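Visitor: Data file my_file22.txt (compact mmCIF, C-alpha atoms) is appended below.
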# COMPACT_ATOMS: atom_id res chain seq x y z
CA MET A 160 3.79 25.85 -23.45
CA ALA A 161 4.30 22.95 -21.05
CA GLY A 162 7.79 22.48 -22.50
CA LEU A 163 8.67 26.12 -21.92
CA SER A 164 7.32 26.20 -18.40
CA SER A 165 9.18 23.00 -17.50
CA LEU A 166 12.40 24.57 -18.83
CA VAL A 167 11.80 27.66 -16.69
CA LEU A 168 10.94 25.62 -13.59
CA LEU A 169 14.01 23.41 -13.91
CA ALA A 170 16.16 26.53 -14.34
CA VAL A 171 14.63 28.19 -11.26
CA LEU A 172 15.19 25.10 -9.11
CA ALA A 173 18.70 24.52 -10.46
CA ARG A 174 19.66 28.12 -9.69
CA ALA A 175 18.13 28.00 -6.20
CA GLY A 176 20.09 24.84 -5.40
CA ARG A 177 17.75 24.04 -2.50
CA GLU A 178 14.30 22.67 -1.81
CA MET A 179 11.40 24.97 -2.71
CA TYR A 180 7.66 24.53 -2.34
CA GLY A 181 5.08 25.32 -4.99
CA TYR A 182 4.12 28.82 -3.87
CA GLU A 183 7.76 29.79 -3.39
CA ILE A 184 8.56 28.62 -6.92
CA ALA A 185 5.55 30.53 -8.29
CA LYS A 186 6.86 33.69 -6.58
CA ALA A 187 10.36 33.13 -7.98
CA VAL A 188 8.98 32.67 -11.49
CA LYS A 189 6.92 35.84 -11.12
CA ALA A 190 10.04 37.73 -10.05
CA GLU A 191 11.86 36.48 -13.18
CA GLY A 192 9.19 37.61 -15.61
CA GLU A 193 8.96 41.29 -14.66
CA GLY A 194 7.53 42.21 -18.04
CA GLY A 195 4.58 39.84 -17.62
CA LEU A 196 4.14 36.12 -17.32
CA ILE A 197 3.95 33.93 -20.39
CA PHE A 198 1.92 31.40 -18.43
CA LYS A 199 -0.43 31.51 -15.47
CA GLN A 200 1.04 30.72 -12.07
CA GLY A 201 -1.56 28.02 -11.61
CA ALA A 202 -0.07 26.20 -14.59
CA ILE A 203 3.18 25.74 -12.67
CA TYR A 204 1.80 23.20 -10.21
CA PRO A 205 0.69 20.49 -12.67
CA VAL A 206 4.01 20.88 -14.50
CA LEU A 207 5.90 20.42 -11.21
CA ARG A 208 3.95 17.23 -10.57
CA SER A 209 4.68 15.92 -14.06
CA LEU A 210 8.40 16.70 -13.74
CA ASN A 211 8.29 14.87 -10.43
CA THR A 212 6.66 11.85 -12.07
CA LEU A 213 9.30 11.88 -14.80
CA GLY A 214 12.03 11.81 -12.14
CA LEU A 215 13.45 15.21 -13.12
CA LEU A 216 12.43 16.61 -9.74
CA GLY A 217 12.42 14.92 -6.35
CA SER A 218 9.77 15.81 -3.82
CA ARG A 219 8.66 15.34 -0.25
CA VAL A 220 5.58 16.49 1.64
CA GLU A 221 5.76 18.37 4.90
CA ALA A 222 2.98 19.60 7.14
CA SER A 223 2.49 23.35 7.10
CA ALA A 224 1.44 25.58 10.00
CA PHE A 225 -1.65 26.65 8.12
CA GLY A 226 -3.29 25.41 4.95
CA PRO A 227 -2.67 22.03 3.34
CA PRO A 228 0.67 20.18 3.61
CA ARG A 229 3.39 21.64 1.39
CA ARG A 230 5.19 19.66 -1.29
CA TYR A 231 8.87 20.58 -1.51
CA TYR A 232 10.70 20.01 -4.79
CA THR A 233 14.40 19.63 -5.60
CA ILE A 234 16.08 19.11 -8.95
CA THR A 235 17.57 15.65 -9.49
CA ASP A 236 20.74 14.79 -11.45
CA GLU A 237 18.49 13.58 -14.24
CA GLY A 238 16.72 16.95 -14.08
CA ARG A 239 20.03 18.82 -14.44
CA GLN A 240 20.92 16.68 -17.43
CA ALA A 241 17.52 17.40 -19.03
CA LEU A 242 17.95 21.11 -18.28
CA ASN A 243 21.31 21.10 -20.11
CA ASP A 244 19.84 19.31 -23.12
CA TRP A 245 16.76 21.51 -23.25
CA GLN A 246 18.83 24.66 -22.82
CA GLY A 247 20.87 23.74 -25.89
CA ALA A 248 17.70 23.05 -27.87
CA TRP A 249 16.22 26.35 -26.68
CA PHE A 250 19.26 28.43 -27.72
CA ASP A 251 19.25 26.77 -31.15
CA MET A 252 15.56 27.45 -31.58
CA ARG A 253 15.81 31.02 -30.32
CA GLY A 254 18.64 31.74 -32.74
CA PHE A 255 16.59 30.33 -35.58
CA VAL A 256 13.47 32.32 -34.65
CA ASP A 257 15.52 35.53 -34.15
CA ASP A 258 17.07 35.11 -37.58
CA ALA A 259 13.68 34.52 -39.15
CA LEU A 260 12.16 37.57 -37.42
CA GLN A 261 15.12 39.81 -38.26
CA SER A 262 14.97 38.97 -41.96
CA GLN A 263 11.22 39.61 -41.75
CA GLY A 264 11.99 43.03 -40.16
CA VAL A 265 14.46 43.84 -42.96
CA ALA A 266 11.82 42.91 -45.56
CA ASP A 267 9.27 45.19 -43.84
CA GLU A 268 11.74 48.11 -43.84
CA HIS A 269 12.31 47.61 -47.54
CA ARG A 270 8.57 47.68 -48.11
CA VAL A 271 8.16 50.90 -46.07
CA SER A 272 11.00 52.68 -47.87
CA ALA A 273 9.75 51.53 -51.29
CA MET B 50 -19.83 28.55 -12.98
CA ASN B 51 -20.43 32.21 -13.52
CA ILE B 52 -17.57 33.95 -15.32
CA ALA B 53 -19.05 37.40 -14.70
CA SER B 54 -18.49 37.14 -10.95
CA PRO B 55 -15.06 35.75 -9.99
CA PRO B 56 -14.96 33.76 -6.73
CA GLU B 57 -14.57 35.94 -3.65
CA THR B 58 -13.43 33.32 -1.17
CA VAL B 59 -10.90 30.51 -1.30
CA ARG B 60 -13.74 28.05 -0.68
CA ALA B 61 -15.71 29.42 -3.62
CA TYR B 62 -12.62 29.26 -5.84
CA LEU B 63 -11.98 25.64 -4.87
CA ASP B 64 -15.64 24.77 -5.46
CA ALA B 65 -15.53 26.35 -8.90
CA LEU B 66 -12.28 24.52 -9.70
CA GLN B 67 -13.78 21.25 -8.57
CA GLY B 68 -16.81 21.88 -10.74
CA ALA B 69 -14.59 22.59 -13.74
CA LEU B 70 -12.64 19.36 -13.13
CA ARG B 71 -15.75 17.19 -12.90
CA GLY B 72 -15.19 13.84 -14.60
CA SER B 73 -11.43 13.72 -13.92
CA SER B 74 -9.90 11.12 -11.60
CA PRO B 75 -10.41 11.80 -7.87
CA GLY B 76 -6.64 11.85 -7.31
CA LEU B 77 -6.16 14.57 -9.93
CA ILE B 78 -8.99 16.68 -8.50
CA SER B 79 -7.59 16.29 -5.01
CA ASP B 80 -4.12 17.37 -6.23
CA ALA B 81 -5.44 20.38 -8.11
CA LEU B 82 -7.48 21.50 -5.09
CA ALA B 83 -4.52 21.08 -2.72
CA ASP B 84 -2.20 23.06 -5.05
CA ALA B 85 -4.73 25.86 -5.48
CA GLU B 86 -5.42 26.04 -1.75
CA GLU B 87 -1.70 26.20 -0.95
CA HIS B 88 -1.20 29.02 -3.44
CA LEU B 89 -4.28 31.03 -2.47
CA GLN B 90 -3.61 30.72 1.26
CA GLY B 91 0.00 31.79 0.61
CA GLU B 92 -1.18 34.88 -1.27
CA ILE B 93 -3.65 35.80 1.46
CA ALA B 94 -1.00 35.38 4.17
CA SER B 95 1.43 37.58 2.22
CA LYS B 96 -1.10 40.43 1.97
CA PRO B 97 -2.46 40.82 5.50
CA THR B 98 -3.87 44.30 4.86
CA GLN B 99 -6.20 43.24 2.05
CA SER B 100 -9.47 41.40 2.37
CA GLU B 101 -9.87 37.85 1.04
CA ALA B 102 -12.04 39.10 -1.84
CA GLU B 103 -9.49 41.77 -2.84
CA VAL B 104 -6.63 39.30 -2.80
CA LEU B 105 -8.62 36.79 -4.84
CA ALA B 106 -9.54 39.40 -7.43
CA THR B 107 -5.85 40.01 -8.20
CA VAL B 108 -4.76 36.43 -7.73
CA VAL B 109 -7.22 35.15 -10.32
CA GLU B 110 -5.30 37.31 -12.83
CA THR B 111 -1.92 35.76 -12.06
CA TYR B 112 -2.90 32.27 -10.92
CA GLY B 113 -5.61 31.70 -13.51
CA THR B 114 -9.37 31.27 -13.39
CA PRO B 115 -10.78 27.94 -12.21
CA ALA B 116 -11.64 27.04 -15.81
CA GLU B 117 -8.11 27.80 -17.05
CA ILE B 118 -6.49 25.85 -14.24
CA ALA B 119 -8.80 22.89 -14.80
CA GLU B 120 -7.69 22.82 -18.44
CA GLU B 121 -4.02 22.87 -17.39
CA TYR B 122 -4.45 19.89 -15.10
CA LYS B 123 -6.45 17.92 -17.63
CA SER B 124 -3.93 18.49 -20.40
CA MET B 125 -1.04 17.75 -18.06
CA GLU B 126 -2.47 14.50 -16.79
CA ALA B 127 -0.82 12.32 -19.42
CA SER B 128 2.73 13.64 -19.16
CA ILE B 129 4.94 16.44 -20.36
CA THR B 130 5.43 16.43 -24.10
CA GLY B 131 7.23 19.66 -24.79
CA PRO B 132 8.98 20.87 -27.94
CA PHE B 133 12.22 19.54 -26.46
CA PRO B 134 13.72 16.06 -26.46
CA LYS B 135 12.41 13.93 -23.64
CA PRO B 136 14.79 11.94 -21.48
CA GLU B 137 14.87 8.29 -22.52
CA GLN B 138 12.51 6.18 -20.48
CA ALA B 139 13.09 2.48 -20.11
CA PRO B 140 10.06 0.59 -21.42
CA ARG B 141 8.11 -0.86 -18.57
CA GLN B 142 8.22 -4.62 -18.57
CA HIS B 143 5.36 -6.74 -17.41
CA PRO B 144 6.53 -8.41 -14.20
CA GLY B 145 5.06 -11.86 -15.04
CA PHE B 146 3.99 -14.51 -12.58
CA PHE B 147 7.27 -14.77 -10.65
CA GLY B 148 8.00 -11.04 -10.82
CA VAL B 149 5.52 -10.52 -7.98
CA ILE B 150 8.23 -11.51 -5.48
CA GLY B 151 9.92 -8.14 -6.06
CA ASP B 152 6.70 -6.15 -6.19
CA PRO B 153 6.38 -3.88 -3.13
CA SER B 154 2.64 -3.46 -3.68
CA ALA B 155 2.08 -7.19 -2.96
CA TYR B 156 3.87 -6.92 0.40
CA GLY B 157 2.05 -3.68 1.18
CA ALA B 158 -1.26 -5.40 0.53
CA LEU B 159 -0.24 -8.35 2.71
CA MET B 160 0.65 -5.93 5.52
CA TYR B 161 -2.69 -4.22 5.07
CA MET B 162 -4.50 -7.57 5.30
CA LEU B 163 -2.75 -8.35 8.59
CA LEU B 164 -3.46 -4.90 9.98
CA SER B 165 -7.08 -4.82 8.86
CA LEU B 166 -8.30 -7.09 11.68
CA VAL B 167 -7.08 -4.64 14.32
CA THR B 168 -8.32 -1.54 12.52
CA GLY B 169 -11.57 -3.29 11.56
CA ILE B 170 -12.37 -4.18 15.17
CA PHE B 171 -11.47 -0.68 16.34
CA TYR B 172 -13.58 1.06 13.68
CA PHE B 173 -16.54 -1.22 14.37
CA VAL B 174 -16.43 -0.83 18.15
CA TRP B 175 -15.96 2.94 17.89
CA THR B 176 -18.71 3.40 15.31
CA VAL B 177 -21.28 1.22 17.09
CA THR B 178 -20.52 2.18 20.71
CA PHE B 179 -20.03 5.90 20.28
CA GLY B 180 -22.86 5.96 17.73
CA SER B 181 -25.42 4.37 19.98
CA ILE B 182 -24.34 6.49 22.96
CA SER B 183 -24.65 9.77 21.06
CA LEU B 184 -27.91 8.63 19.48
CA SER B 185 -29.50 7.81 22.85
CA PHE B 186 -28.21 11.05 24.39
CA LEU B 187 -29.92 13.05 21.63
CA ILE B 188 -33.01 13.41 23.86
CA PHE B 189 -30.88 15.53 26.21
CA ILE B 190 -29.32 18.84 25.25
CA VAL B 191 -25.84 17.37 25.78
CA GLY B 192 -26.56 14.85 23.02
CA ILE B 193 -26.33 17.48 20.28
CA PRO B 194 -22.64 18.38 20.70
CA LEU B 195 -21.98 14.71 21.34
CA MET B 196 -23.57 13.87 17.98
CA LEU B 197 -21.45 16.52 16.28
CA LEU B 198 -18.34 15.10 17.92
CA TYR B 199 -19.33 11.64 16.73
CA LEU B 200 -19.82 12.78 13.14
CA GLY B 201 -16.47 14.58 13.32
CA SER B 202 -14.78 11.44 14.62
CA ILE B 203 -16.16 9.48 11.64
CA ARG B 204 -14.47 11.97 9.33
CA VAL B 205 -11.18 11.71 11.19
CA LEU B 206 -11.32 7.89 11.22
CA SER B 207 -12.07 7.84 7.49
CA HIS B 208 -9.14 10.17 6.90
CA VAL B 209 -6.78 8.00 8.95
CA GLU B 210 -7.99 4.91 7.08
CA GLY B 211 -7.38 6.80 3.83
CA ARG B 212 -3.78 7.45 4.87
CA ILE B 213 -3.29 3.75 5.67
CA VAL B 214 -4.85 2.72 2.36
CA GLU B 215 -2.63 5.14 0.43
CA GLY B 216 0.49 4.09 2.32
CA LEU B 217 0.03 0.34 1.97
CA LEU B 218 -2.17 -0.09 -1.10
CA GLY B 219 -0.89 2.81 -3.15
CA VAL B 220 -4.32 4.22 -3.99
CA ARG B 221 -4.34 8.00 -4.22
CA MET B 222 -6.44 9.25 -1.27
CA PRO B 223 -7.00 12.80 -0.03
CA ARG B 224 -3.99 13.96 1.92
CA ARG B 225 -5.83 16.46 4.06
CA LEU B 226 -9.04 16.46 6.03
CA PRO B 227 -12.04 17.77 4.13
CA ALA B 228 -12.67 21.40 5.04
CA ALA B 229 -14.92 21.69 8.06
CA SER B 230 -18.02 23.83 7.73
CA SER B 231 -17.47 27.45 8.64
CA ALA B 232 -17.64 28.38 12.29
CA ASP B 233 -20.52 30.82 11.95
CA GLU B 234 -22.96 28.03 11.12
CA THR B 235 -25.21 26.90 13.94
CA ILE B 236 -24.70 23.53 15.50
CA TRP B 237 -27.96 22.27 13.98
CA THR B 238 -27.04 23.26 10.43
CA ARG B 239 -23.69 21.54 10.88
CA ILE B 240 -25.38 18.33 12.00
CA LYS B 241 -27.91 18.65 9.19
CA ASP B 242 -25.11 19.22 6.64
CA ALA B 243 -23.25 16.18 7.85
CA LEU B 244 -26.35 14.00 7.87
CA SER B 245 -27.45 15.06 4.38
CA ASP B 246 -23.93 14.39 3.05
CA ILE B 247 -23.90 11.00 1.34
CA ARG B 248 -20.19 10.62 2.20
CA THR B 249 -20.94 10.57 5.92
CA TRP B 250 -23.13 7.55 5.38
CA SER B 251 -20.77 5.84 2.96
CA SER B 252 -17.86 6.40 5.40
CA LEU B 253 -19.96 4.98 8.21
CA PHE B 254 -20.80 1.97 6.06
CA TYR B 255 -17.12 1.52 5.19
CA LEU B 256 -16.04 1.61 8.84
CA LEU B 257 -18.63 -1.04 9.73
CA LEU B 258 -17.75 -3.13 6.69
CA MET B 259 -14.11 -3.17 7.78
CA LEU B 260 -14.87 -5.70 10.55
CA PRO B 261 -16.05 -8.59 8.34
CA LEU B 262 -13.56 -7.64 5.62
CA GLY B 263 -10.78 -7.39 8.21
CA VAL B 264 -11.56 -10.86 9.56
CA VAL B 265 -11.53 -12.38 6.06
CA TYR B 266 -8.33 -10.53 5.05
CA PHE B 267 -6.56 -11.48 8.27
CA VAL B 268 -7.47 -15.18 8.01
CA LEU B 269 -6.43 -15.28 4.35
CA ALA B 270 -3.13 -13.54 5.15
CA ILE B 271 -2.29 -15.74 8.14
CA VAL B 272 -3.17 -18.97 6.33
CA GLY B 273 -1.40 -17.71 3.24
CA ILE B 274 1.80 -17.00 5.17
CA THR B 275 1.86 -20.03 7.50
CA VAL B 276 0.92 -22.84 5.06
CA PRO B 277 3.74 -22.22 2.54
CA LEU B 278 6.26 -21.55 5.32
CA ALA B 279 5.21 -24.74 7.15
CA LEU B 280 5.48 -26.78 3.95
CA ILE B 281 8.93 -25.40 3.12
CA GLY B 282 10.23 -25.54 6.69
CA GLY B 283 8.79 -29.01 7.39
CA SER B 284 10.22 -30.46 4.18
CA LEU B 285 13.62 -28.87 4.77
CA GLU B 286 13.72 -30.27 8.27
CA GLY B 287 12.66 -33.69 6.95
CA LEU B 288 15.33 -33.63 4.27
CA ILE B 289 18.08 -32.56 6.66
CA THR B 290 17.27 -34.82 9.60
CA GLY B 291 15.99 -37.71 7.51
CA ARG B 292 12.78 -37.91 9.57
CA SER B 293 9.61 -36.37 8.30
CA HIS B 294 6.94 -35.17 10.70
CA ILE B 295 4.49 -34.05 8.04
CA GLN B 296 1.07 -35.47 8.85
CA PHE B 297 -2.33 -34.79 7.38
CA SER B 298 -4.93 -35.61 10.00
CA ASP B 299 -7.75 -35.52 7.43
CA ALA B 300 -5.95 -37.65 4.87
CA PRO B 301 -3.52 -40.01 6.62
CA TYR B 302 -3.20 -42.11 3.46
CA VAL B 303 -1.06 -39.41 1.78
CA ASP B 304 1.36 -39.22 4.71
CA HIS B 305 3.73 -41.81 3.29
CA ILE B 306 4.34 -39.62 0.21
CA PHE B 307 5.84 -36.98 2.46
CA HIS B 308 8.04 -39.46 4.22
CA THR B 309 10.16 -39.95 1.09
CA ALA B 310 12.79 -37.56 -0.26
CA PRO B 311 11.04 -36.87 -3.61
CA GLY B 312 7.79 -36.26 -1.76
CA LEU B 313 9.50 -33.76 0.52
CA VAL B 314 11.08 -31.96 -2.43
CA LEU B 315 7.65 -31.86 -4.04
CA ALA B 316 6.15 -30.39 -0.85
CA MET B 317 8.86 -27.75 -0.77
CA PHE B 318 8.20 -26.92 -4.41
CA VAL B 319 4.47 -26.60 -3.72
CA GLY B 320 5.28 -24.34 -0.73
CA VAL B 321 7.41 -22.02 -2.88
CA LEU B 322 4.73 -21.93 -5.56
CA LEU B 323 2.14 -21.09 -2.90
CA ILE B 324 4.18 -18.05 -1.81
CA PHE B 325 3.87 -16.60 -5.30
CA LEU B 326 0.17 -17.44 -5.44
CA VAL B 327 -0.43 -15.78 -2.06
CA LEU B 328 1.43 -12.64 -3.16
CA HIS B 329 -0.74 -12.48 -6.28
CA LEU B 330 -3.84 -12.98 -4.18
CA ALA B 331 -2.74 -10.21 -1.79
CA LYS B 332 -2.10 -7.89 -4.71
CA GLY B 333 -5.56 -8.64 -6.11
CA ILE B 334 -7.24 -8.05 -2.76
CA GLY B 335 -5.23 -4.85 -2.31
CA TRP B 336 -6.41 -3.57 -5.67
CA LEU B 337 -10.03 -4.49 -4.95
CA HIS B 338 -9.96 -2.96 -1.49
CA GLY B 339 -8.38 0.20 -2.90
CA ARG B 340 -11.36 0.59 -5.22
CA ILE B 341 -13.79 0.03 -2.32
CA ALA B 342 -12.00 2.64 -0.18
CA GLU B 343 -11.87 5.13 -3.05
CA THR B 344 -15.56 4.75 -3.74
CA LEU B 345 -16.73 5.00 -0.14
CA LEU B 346 -14.18 7.33 1.49
CA VAL B 347 -13.03 9.98 -0.99
CA ARG B 348 -14.94 13.17 -0.25
CA LEU B 349 -15.24 15.52 -3.15
Turn this file's structure into structure tokens for me.
Guide:
Amino acid sequence: MAGLSSLVLLAVLARAGREMYGYEIAKAVKAEGEGGLIFKQGAIYPVLRSLNTLGLLGSRVEASAFGPPRRYYTITDEGRQALNDWQGAWFDMRGFVDDALQSQGVADEHRVSA
Amino acid sequence: MNIASPPETVRAYLDALQGALRGSSPGLISDALADAEEHLQGEIASKPTQSEAEVLATVVETYGTPAEIAEEYKSMEASITGPFPKPEQAPRQHPGFFGVIGDPSAYGALMYMLLSLVTGIFYFVWTVTFGSISLSFLIFIVGIPLMLLYLGSIRVLSHVEGRIVEGLLGVRMPRRLPAASSADETIWTRIKDALSDIRTWSSLFYLLLMLPLGVVYFVLAIVGITVPLALIGGSLEGLITGRSHIQFSDAPYVDHIFHTAPGLVLAMFVGVLLIFLVLHLAKGIGWLHGRIAETLLVRL
């Protein structure tokens, strides 16, 4: 699941093309997944930190008017490269899973009609 | 932690999260708490019409329960290992003895050692002077708020020291002040809370300890910087001008060695070697002091 959430987070930050802080990113992810989230919003933050440690995201901390200081994240060139690679891997995998599920669906139909 | 009753306040949520993370590294716990607080405060600010308890009830659904979030942080601590190819990471090489010259942490530690005399004196004077004043004023009514102010100032000083330690020694320290007790508590309960908190005493001990430590660090740093530089500079000057002024008042019989060219080259070599040794020493002291600060100052 961490792999999927990191793919989503990189995509959100790449599309935004600007700095975003954790809560903002969580909101953006929530807006993407109208049908329901595949992971908890709280799981986003540790993934952001890990991506930051891996150098796929850059970050800086800024004081906030209320609450703790905010950490702003941006996608790095390395992050964009990883996003491209992962996207390719994701499309391949999705195609494979779709094919497998569709043939399963066909088999079920056969069983129902028989 | 009671699953049947979800936390109704941000404070309660953070406490539950901290409880669920018990045993993890202080830096990780501090990060997880800061992230959760940022998110929860953001949610509360975005729904001004709802009460804190109402907001938290819905947020726990989307953000995750303290137990779930604790699991996420624990499993994420190592690194991301997703189903996708990971970008190539250069294997980290051990810097070796001479690699220390390019190690920023050694210079940071050296800076810290130089600074620690000033901060050590300040902390000591503040702690002792303000402490004894507020203690002796306790027999008057004005002494009570003064005592509270004093205990507050200890927290602030510890926090500032934490920032310095993190900046120069690279030890993960809390990046925000520990939450103050809620305003509806009486002044006496606040003083009692602070006095019964072991961290108040350990912070106080740390601030006092900084004076002797600061003196030792400062002397080591100054000697460590000047001796190698003097050896290198003196030898260079001797080699260039042809006249050596190197004298050892305690051991005049070795002077003649440093009045010859090979002796001067040797002295320069020793000076260069000393620089590396001093940087290693600074790095070691920095590491050790980081552990001391983490143990005595991090409030969880």
Visitor: To one decimal place, how far is CA of Gly214 in chain A from CA of Leu172 in chain A in Å?
Guide: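 So the answer is 14.0 Å.
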Visitor: Pick the closest to Gly217 in chain A from A:Glu183, A:Glu178, A:Asp258, A:Glu191: which is it, counting all atoms listed in the file?
Guide: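 Looking only at the distances to Gly217 in chain A, the closest residue turns out to be A:Glu178.
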Visitor: Closest to Ala158 in chain B among B:Tyr172, B:Trp250, B:Tyr266, B:Phe318, using all atoms listed in the file?
Guide: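 Looking at the shortest contact to Ala158 in chain B, the residue is B:Tyr266.
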Visitor: Restricting the calculation to all atoms listed in the file, which member of B:Leu262, B:Val59, B:Leu345, B:Leu197 is positioned closest to Ala106 in chain B?
Guide: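 Smallest separation from Ala106 in chain B among the options: B:Val59.
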Visitor: Can you list every residue of chain A that has an atom at most 7 Å from chain B, with its nearest atom pair and the distance in Å to one decimal, using only C-alpha atoms, ordered by chain then number, as CSV?
Guide:
residue,atom,partner,partner_atom,distance
A:Ala161,CA,B:Gly131,CA,5.8
A:Gly162,CA,B:Gly131,CA,3.7
A:Tyr182,CA,B:His88,CA,5.3
A:Lys199,CA,B:Tyr112,CA,5.2
A:Gln200,CA,B:Tyr112,CA,4.4
A:Gly201,CA,B:Tyr112,CA,4.5
A:Ala202,CA,B:Glu121,CA,5.9
A:Tyr204,CA,B:Asp84,CA,6.5
A:Pro205,CA,B:Tyr122,CA,5.7
A:Val206,CA,B:Met125,CA,6.9
A:Ser209,CA,B:Ser128,CA,5.9
A:Gly226,CA,B:Glu87,CA,6.2
A:Pro227,CA,B:Glu87,CA,6.1
A:Ala241,CA,B:Pro136,CA,6.6
A:Trp245,CA,B:Phe133,CA,5.9
A:Ala248,CA,B:Phe133,CA,6.7
Visitor: Could you pull the residues within 6 Å of Tyr180 in chain A, counting only C-alpha atoms, minus those fewer than 4 positions along the same chain, as a PyMOL selection string?
Guide: chain A and resi 230-232
Visitor: Grab the CA of Thr249 in chain B to CA of Ser181 in chain B distance for me, in Å with one decimal place.
Guide: 16.0 Å
Visitor: Find the distance between CA of Leu210 in chain A and CA of Asp152 in chain B and write it in Å to one decimal.
Guide: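 Answer for the CA of Leu210 in chain A to CA of Asp152 in chain B separation: 24.1 Å.
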Visitor: For a quick check of understanding, using all atoms listed in the file, which of B:Ala243, B:Met317, B:Ala69, B:Leu346 has the smallest distance to His208 in chain B?
Guide: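 Distance minimum relative to His208 in chain B lands on B:Leu346.
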Visitor: Ala175 in chain A: which residues within 10 Å, counting all atoms listed in the file, same-chain residues fewer than 6 positions away excluded, as a list in words?
Guide: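 Contacts, with the query itself left out: Leu169, Ile184, Ala187, Thr233 and Ile234 of chain A.
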Visitor: Step by step: start from the point (-7.3, 6.0, -6.3) in the file's coordinates, keep every protein, DNA or RNA residue that has an atom no farther than 10 Å from it, count only C-alpha atoms, and write the set as JSON, numbers by chain.
Guide: {"B": [74, 75, 76, 77, 214, 215, 218, 219, 220, 221, 222, 223, 336, 339, 340, 341, 342, 343, 344, 347]}
Visitor: Which residue out of B:Ile182, B:His305, B:Gly72, B:Ile193 has the minimum interatomic distance to Thr238 in chain B when all atoms listed in the file are used?
Guide: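 With all atoms listed in the file as the atom set, the closest residue is B:Ile193.
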Visitor: Could you pull the residues within 8 Å of Ala102 in chain B, counting all atoms listed in the file, minus those fewer than 4 positions along the same chain, as number ranges by chain?
Guide: B: 56-58, 106
